[in-house]
>>> print(open('upload36.csv').read())   # CSV, N, CA and C atoms
chain,number,residue,atom,x,y,z
A,1,MET,N,15.4,61.5,7.7
A,1,MET,CA,14.3,60.5,7.6
A,1,MET,C,14.7,59.4,6.7
A,2,ALA,N,14.4,58.1,7.2
A,2,ALA,CA,14.8,56.9,6.5
A,2,ALA,C,13.9,56.7,5.3
A,3,ARG,N,14.5,56.3,4.2
A,3,ARG,CA,13.7,56.0,3.0
A,3,ARG,C,13.0,54.7,3.1
A,4,ARG,N,11.7,54.7,2.7
A,4,ARG,CA,10.9,53.5,2.8
A,4,ARG,C,11.2,52.6,1.6
A,5,SER,N,11.3,51.4,1.8
A,5,SER,CA,11.6,50.5,0.7
A,5,SER,C,10.3,50.2,-0.1
A,6,ARG,N,10.5,50.0,-1.3
A,6,ARG,CA,9.4,49.7,-2.2
A,6,ARG,C,9.4,48.2,-2.4
A,7,PRO,N,8.2,47.6,-2.9
A,7,PRO,CA,8.2,46.2,-3.1
A,7,PRO,C,9.2,45.6,-4.0
A,8,GLY,N,9.7,46.4,-5.0
A,8,GLY,CA,10.6,45.8,-6.0
A,8,GLY,C,12.1,45.9,-5.5
A,9,GLU,N,12.3,46.5,-4.4
A,9,GLU,CA,13.7,46.7,-3.9
A,9,GLU,C,14.1,45.7,-2.9
A,10,GLY,N,15.4,45.5,-2.7
A,10,GLY,CA,15.8,44.6,-1.6
A,10,GLY,C,16.3,43.3,-2.2
A,11,PRO,N,16.8,42.5,-1.3
A,11,PRO,CA,17.2,41.1,-1.7
A,11,PRO,C,16.1,40.2,-2.0
A,12,ARG,N,16.4,39.3,-2.9
A,12,ARG,CA,15.3,38.3,-3.3
A,12,ARG,C,15.2,37.3,-2.2
A,13,ARG,N,14.0,37.0,-1.8
A,13,ARG,CA,13.7,36.0,-0.8
A,13,ARG,C,13.6,34.6,-1.3
A,14,THR,N,13.3,34.5,-2.6
A,14,THR,CA,13.1,33.2,-3.2
A,14,THR,C,14.1,33.1,-4.3
A,15,PRO,N,14.7,31.9,-4.5
A,15,PRO,CA,15.6,31.8,-5.6
A,15,PRO,C,14.9,31.8,-7.0
A,16,PRO,N,15.6,32.2,-8.0
A,16,PRO,CA,14.9,32.2,-9.3
A,16,PRO,C,14.5,30.8,-9.7
A,17,ARG,N,13.4,30.8,-10.5
A,17,ARG,CA,12.9,29.5,-10.9
A,17,ARG,C,13.8,28.9,-12.0
A,18,THR,N,14.1,27.6,-11.9
A,18,THR,CA,14.9,26.9,-12.9
A,18,THR,C,13.9,26.1,-13.7
A,19,PRO,N,14.1,26.0,-15.0
A,19,PRO,CA,13.2,25.3,-15.9
A,19,PRO,C,13.2,23.8,-15.5
A,20,PRO,N,12.1,23.1,-15.6
A,20,PRO,CA,12.0,21.7,-15.2
A,20,PRO,C,12.8,20.9,-16.2
A,21,PRO,N,13.4,19.7,-15.8
A,21,PRO,CA,14.1,18.9,-16.7
A,21,PRO,C,13.2,18.4,-17.8
A,22,PRO,N,13.8,18.1,-19.0
A,22,PRO,CA,12.9,17.6,-20.1
A,22,PRO,C,12.3,16.3,-19.7
A,23,ARG,N,11.0,16.1,-20.2
A,23,ARG,CA,10.3,14.9,-19.9
A,23,ARG,C,10.7,13.8,-20.9
A,24,THR,N,10.9,12.7,-20.3
A,24,THR,CA,11.2,11.5,-21.2
A,24,THR,C,9.9,10.8,-21.6
A,25,PRO,N,9.7,10.4,-22.8
A,25,PRO,CA,8.5,9.7,-23.2
A,25,PRO,C,8.3,8.4,-22.4
A,26,PRO,N,7.0,8.1,-22.1
A,26,PRO,CA,6.8,6.8,-21.4
A,26,PRO,C,7.2,5.6,-22.3
A,27,PRO,N,7.6,4.5,-21.6
A,27,PRO,CA,7.9,3.3,-22.4
A,27,PRO,C,6.7,2.8,-23.2
A,28,PRO,N,6.9,2.1,-24.3
A,28,PRO,CA,5.8,1.6,-25.1
A,28,PRO,C,5.0,0.6,-24.3
A,29,ARG,N,3.7,0.5,-24.5
A,29,ARG,CA,2.9,-0.5,-23.8
A,29,ARG,C,3.2,-1.9,-24.3
A,30,THR,N,3.2,-2.7,-23.4
A,30,THR,CA,3.5,-4.1,-23.8
A,30,THR,C,2.3,-5.0,-23.2
A,31,GLY,N,2.2,-6.2,-23.8
A,31,GLY,CA,1.2,-7.1,-23.3
A,31,GLY,C,0.1,-7.2,-24.3
A,32,PRO,N,-0.9,-8.1,-24.0
A,32,PRO,CA,-1.9,-8.3,-25.0
A,32,PRO,C,-2.9,-7.1,-25.0
A,33,PRO,N,-3.6,-6.9,-26.1
A,33,PRO,CA,-4.6,-5.8,-26.2
A,33,PRO,C,-5.8,-6.2,-25.3
A,34,PRO,N,-6.5,-5.1,-24.9
A,34,PRO,CA,-7.7,-5.4,-24.0
A,34,PRO,C,-8.8,-6.2,-24.8
A,35,PRO,N,-9.5,-7.0,-24.1
A,35,PRO,CA,-10.6,-7.8,-24.7
A,35,PRO,C,-11.7,-6.9,-25.3
A,36,PRO,N,-12.4,-7.3,-26.3
A,36,PRO,CA,-13.4,-6.5,-26.9
A,36,PRO,C,-14.6,-6.2,-25.9
A,37,SER,N,-14.7,-7.1,-24.9
A,37,SER,CA,-15.8,-6.8,-24.0
A,37,SER,C,-15.5,-5.6,-23.1
A,38,SER,N,-14.2,-5.2,-22.9
A,38,SER,CA,-13.9,-4.0,-22.2
A,38,SER,C,-14.4,-2.7,-22.9
A,39,ARG,N,-14.2,-2.8,-24.2
A,39,ARG,CA,-14.7,-1.6,-25.0
A,39,ARG,C,-16.2,-1.5,-24.9
A,40,PHE,N,-16.9,-2.6,-25.0
A,40,PHE,CA,-18.4,-2.5,-24.9
A,40,PHE,C,-18.8,-2.0,-23.5
A,41,ALA,N,-18.1,-2.5,-22.5
A,41,ALA,CA,-18.4,-2.0,-21.1
A,41,ALA,C,-18.1,-0.6,-20.9
A,42,GLN,N,-17.0,-0.1,-21.5
A,42,GLN,CA,-16.7,1.3,-21.4
A,42,GLN,C,-17.8,2.2,-22.1
A,43,ARG,N,-18.2,1.8,-23.3
A,43,ARG,CA,-19.3,2.5,-24.0
A,43,ARG,C,-20.6,2.5,-23.2
A,44,ALA,N,-20.9,1.3,-22.6
A,44,ALA,CA,-22.1,1.2,-21.9
A,44,ALA,C,-22.1,2.1,-20.6
A,45,VAL,N,-21.0,2.2,-19.9
A,45,VAL,CA,-20.9,3.1,-18.8
A,45,VAL,C,-21.0,4.6,-19.3
A,46,ALA,N,-20.3,4.9,-20.4
A,46,ALA,CA,-20.4,6.3,-20.9
A,46,ALA,C,-21.8,6.6,-21.3
A,47,ALA,N,-22.6,5.7,-21.9
A,47,ALA,CA,-24.0,6.0,-22.3
A,47,ALA,C,-24.8,6.2,-21.0
A,48,LEU,N,-24.6,5.3,-20.0
A,48,LEU,CA,-25.4,5.5,-18.8
A,48,LEU,C,-25.1,6.8,-18.1
A,49,LEU,N,-23.8,7.2,-18.0
A,49,LEU,CA,-23.5,8.5,-17.4
A,49,LEU,C,-24.1,9.6,-18.2
A,50,THR,N,-24.1,9.5,-19.5
A,50,THR,CA,-24.6,10.6,-20.3
A,50,THR,C,-26.1,10.7,-20.1
A,51,VAL,N,-26.8,9.6,-20.0
A,51,VAL,CA,-28.3,9.7,-19.8
A,51,VAL,C,-28.6,10.2,-18.4
A,52,LEU,N,-27.8,9.9,-17.4
A,52,LEU,CA,-28.0,10.4,-16.1
A,52,LEU,C,-27.7,11.9,-16.0
A,53,LEU,N,-26.7,12.3,-16.8
A,53,LEU,CA,-26.4,13.8,-16.8
A,53,LEU,C,-27.5,14.6,-17.5
A,54,PHE,N,-28.0,14.0,-18.6
A,54,PHE,CA,-29.1,14.7,-19.3
A,54,PHE,C,-30.4,14.7,-18.4
A,55,GLY,N,-30.6,13.7,-17.7
A,55,GLY,CA,-31.7,13.7,-16.7
A,55,GLY,C,-31.6,14.7,-15.6
A,56,LEU,N,-30.4,14.8,-15.1
A,56,LEU,CA,-30.1,15.8,-14.1
A,56,LEU,C,-30.3,17.2,-14.7
A,57,ILE,N,-29.9,17.5,-15.9
A,57,ILE,CA,-30.1,18.8,-16.5
A,57,ILE,C,-31.5,19.1,-16.7
A,58,ILE,N,-32.3,18.1,-17.2
A,58,ILE,CA,-33.7,18.3,-17.5
A,58,ILE,C,-34.5,18.6,-16.2
A,59,PHE,N,-34.3,17.7,-15.3
A,59,PHE,CA,-35.1,17.8,-14.0
A,59,PHE,C,-34.6,19.0,-13.2
A,60,GLY,N,-33.3,19.3,-13.3
A,60,GLY,CA,-32.8,20.4,-12.6
A,60,GLY,C,-33.4,21.7,-13.1
A,61,ALA,N,-33.5,21.8,-14.5
A,61,ALA,CA,-34.1,23.0,-15.1
A,61,ALA,C,-35.6,23.0,-14.7
A,62,GLY,N,-36.2,21.9,-14.6
A,62,GLY,CA,-37.6,21.9,-14.2
A,62,GLY,C,-37.8,22.4,-12.8
A,63,ALA,N,-36.9,22.0,-11.9
A,63,ALA,CA,-37.0,22.4,-10.5
A,63,ALA,C,-36.7,23.9,-10.4
A,64,ALA,N,-35.8,24.4,-11.2
A,64,ALA,CA,-35.4,25.8,-11.2
A,64,ALA,C,-36.6,26.6,-11.7
A,65,ALA,N,-37.2,26.2,-12.8
A,65,ALA,CA,-38.4,26.9,-13.3
A,65,ALA,C,-39.5,26.9,-12.3
A,66,ASP,N,-39.7,25.8,-11.6
A,66,ASP,CA,-40.8,25.7,-10.7
A,66,ASP,C,-40.5,26.7,-9.5
A,67,ALA,N,-39.3,26.8,-9.1
A,67,ALA,CA,-39.0,27.7,-8.0
A,67,ALA,C,-39.1,29.2,-8.5
A,68,ALA,N,-38.8,29.4,-9.8
A,68,ALA,CA,-38.8,30.8,-10.3
A,68,ALA,C,-40.2,31.3,-10.5
A,69,ASP,N,-41.0,30.5,-11.3
A,69,ASP,CA,-42.3,31.1,-11.6
A,69,ASP,C,-43.5,30.1,-11.4
A,70,GLY,N,-43.2,28.9,-11.0
A,70,GLY,CA,-44.2,27.9,-10.7
A,70,GLY,C,-44.6,27.0,-11.9
A,71,GLU,N,-44.0,27.2,-13.0
A,71,GLU,CA,-44.4,26.4,-14.2
A,71,GLU,C,-43.2,25.5,-14.5
A,72,ARG,N,-43.3,24.3,-14.0
A,72,ARG,CA,-42.2,23.3,-14.2
A,72,ARG,C,-42.0,22.9,-15.6
A,73,TRP,N,-43.0,22.9,-16.4
A,73,TRP,CA,-42.9,22.4,-17.8
A,73,TRP,C,-42.0,23.3,-18.7
A,74,TRP,N,-41.9,24.6,-18.3
A,74,TRP,CA,-41.0,25.5,-19.1
A,74,TRP,C,-39.6,25.0,-18.8
A,75,GLY,N,-39.3,24.6,-17.6
A,75,GLY,CA,-37.9,24.1,-17.3
A,75,GLY,C,-37.6,22.8,-18.0
A,76,TYR,N,-38.6,21.9,-18.1
A,76,TYR,CA,-38.4,20.7,-18.8
A,76,TYR,C,-38.1,21.0,-20.3
A,77,LEU,N,-38.9,21.9,-20.8
A,77,LEU,CA,-38.7,22.3,-22.2
A,77,LEU,C,-37.3,22.9,-22.5
A,78,ILE,N,-36.9,23.8,-21.6
A,78,ILE,CA,-35.6,24.4,-21.8
A,78,ILE,C,-34.5,23.4,-21.5
A,79,GLY,N,-34.6,22.5,-20.5
A,79,GLY,CA,-33.6,21.5,-20.3
A,79,GLY,C,-33.5,20.5,-21.4
A,80,GLY,N,-34.6,20.1,-22.0
A,80,GLY,CA,-34.6,19.2,-23.1
A,80,GLY,C,-34.0,19.8,-24.4
A,81,LEU,N,-34.3,21.1,-24.6
A,81,LEU,CA,-33.7,21.8,-25.8
A,81,LEU,C,-32.2,21.9,-25.6
A,82,PHE,N,-31.8,22.2,-24.4
A,82,PHE,CA,-30.3,22.2,-24.1
A,82,PHE,C,-29.7,20.9,-24.4
A,83,CYS,N,-30.3,19.8,-24.0
A,83,CYS,CA,-29.7,18.5,-24.3
A,83,CYS,C,-29.7,18.2,-25.8
A,84,VAL,N,-30.8,18.6,-26.5
A,84,VAL,CA,-30.8,18.4,-27.9
A,84,VAL,C,-29.7,19.1,-28.6
A,85,VAL,N,-29.4,20.3,-28.2
A,85,VAL,CA,-28.3,21.1,-28.7
A,85,VAL,C,-27.0,20.4,-28.4
A,86,MET,N,-26.8,19.9,-27.2
A,86,MET,CA,-25.5,19.2,-26.9
A,86,MET,C,-25.4,17.9,-27.8
A,87,VAL,N,-26.4,17.2,-28.0
A,87,VAL,CA,-26.3,16.0,-28.9
A,87,VAL,C,-26.0,16.4,-30.3
A,88,ALA,N,-26.7,17.4,-30.8
A,88,ALA,CA,-26.4,17.9,-32.2
A,88,ALA,C,-25.0,18.3,-32.3
A,89,ALA,N,-24.5,19.0,-31.4
A,89,ALA,CA,-23.1,19.5,-31.4
A,89,ALA,C,-22.1,18.3,-31.4
A,90,ALA,N,-22.4,17.3,-30.6
A,90,ALA,CA,-21.5,16.1,-30.5
A,90,ALA,C,-21.5,15.4,-31.8
A,91,LEU,N,-22.7,15.2,-32.4
A,91,LEU,CA,-22.8,14.5,-33.7
A,91,LEU,C,-22.1,15.3,-34.8
A,92,ARG,N,-22.2,16.6,-34.8
A,92,ARG,CA,-21.6,17.4,-35.8
A,92,ARG,C,-20.1,17.4,-35.7
A,93,SER,N,-19.6,17.4,-34.5
A,93,SER,CA,-18.1,17.4,-34.3
A,93,SER,C,-17.6,16.0,-34.6
A,94,ARG,N,-18.4,15.0,-34.5
A,94,ARG,CA,-18.0,13.6,-34.8
A,94,ARG,C,-17.7,13.4,-36.3
A,95,GLN,N,-18.4,14.2,-37.1
A,95,GLN,CA,-18.3,14.0,-38.6
A,95,GLN,C,-17.0,14.7,-39.1
A,96,ARG,N,-16.5,15.6,-38.3
A,96,ARG,CA,-15.3,16.3,-38.8
A,96,ARG,C,-14.0,15.6,-38.5
>>> encode(input="upload36.csv", output="structure tokens")
Amino acid sequence: MARRSRPGEGPRRTPPRTPPPPRTPPPPRTGPPPPPSSRFAQRAVAALLTVLLFGLIIFGAGAAADAADGERWWGYLIGGLFCVVMVAAALRSRQR
């Protein structure tokens, strides 16, 4: 009776992995610095996206609470508390 081969036996079907070549650092940035208005625009977009995300969390929690037990205000409260905790954590990590 022929012996069954096990998964670890037999020839390799794939060649062994070779380590990737070392990465060279990117060249230094050249050119003028970005204008101050671009920093303001970036912060404005970040603030807008943060407000939209918090609104999605609050109203999503309200909709979930309404679907679960019919009291939407509990969801608004839980979503708002969640956002307050996120803001407090961001401010606390900013100080360190």
>>> select_by_dssp(input="upload36.csv", residues="chain A", states="helix (DSSP H, G or I)", output="VMD selection string")
chain A and resid 36 to 69 72 to 95
>>> closest_residue(input="upload36.csv", among="A:Leu49, A:Arg39, A:Gly62, A:Pro20", to="Leu77 in chain A", atoms="all atoms listed in the file")
A:Gly62
>>> atom_distance(input="upload36.csv", atom1="CA of Leu91 in chain A", atom2="CA of Thr50 in chain A")
14.1 Å
>>> atom_distance(input="upload36.csv", atom1="CA of Trp74 in chain A", atom2="atom C of Ile58 in chain A")
9.9 Å
>>> atom_distance(input="upload36.csv", atom1="CA of Phe59 in chain A", atom2="CA of Leu81 in chain A")
12.5 Å
>>> residues_around(input="upload36.csv", residues="Ala63 in chain A", least_positions_apart="4", cutoff="7 Å", atoms="all atoms listed in the file", output="PyMOL selection string")
chain A and resi 58-59+67-68+72+75-76
>>> closest_residue(input="upload36.csv", among="A:Leu52, A:Ala47, A:Ile57, A:Ala64", to="Gly80 in chain A", atoms="all atoms listed in the file")
A:Ile57
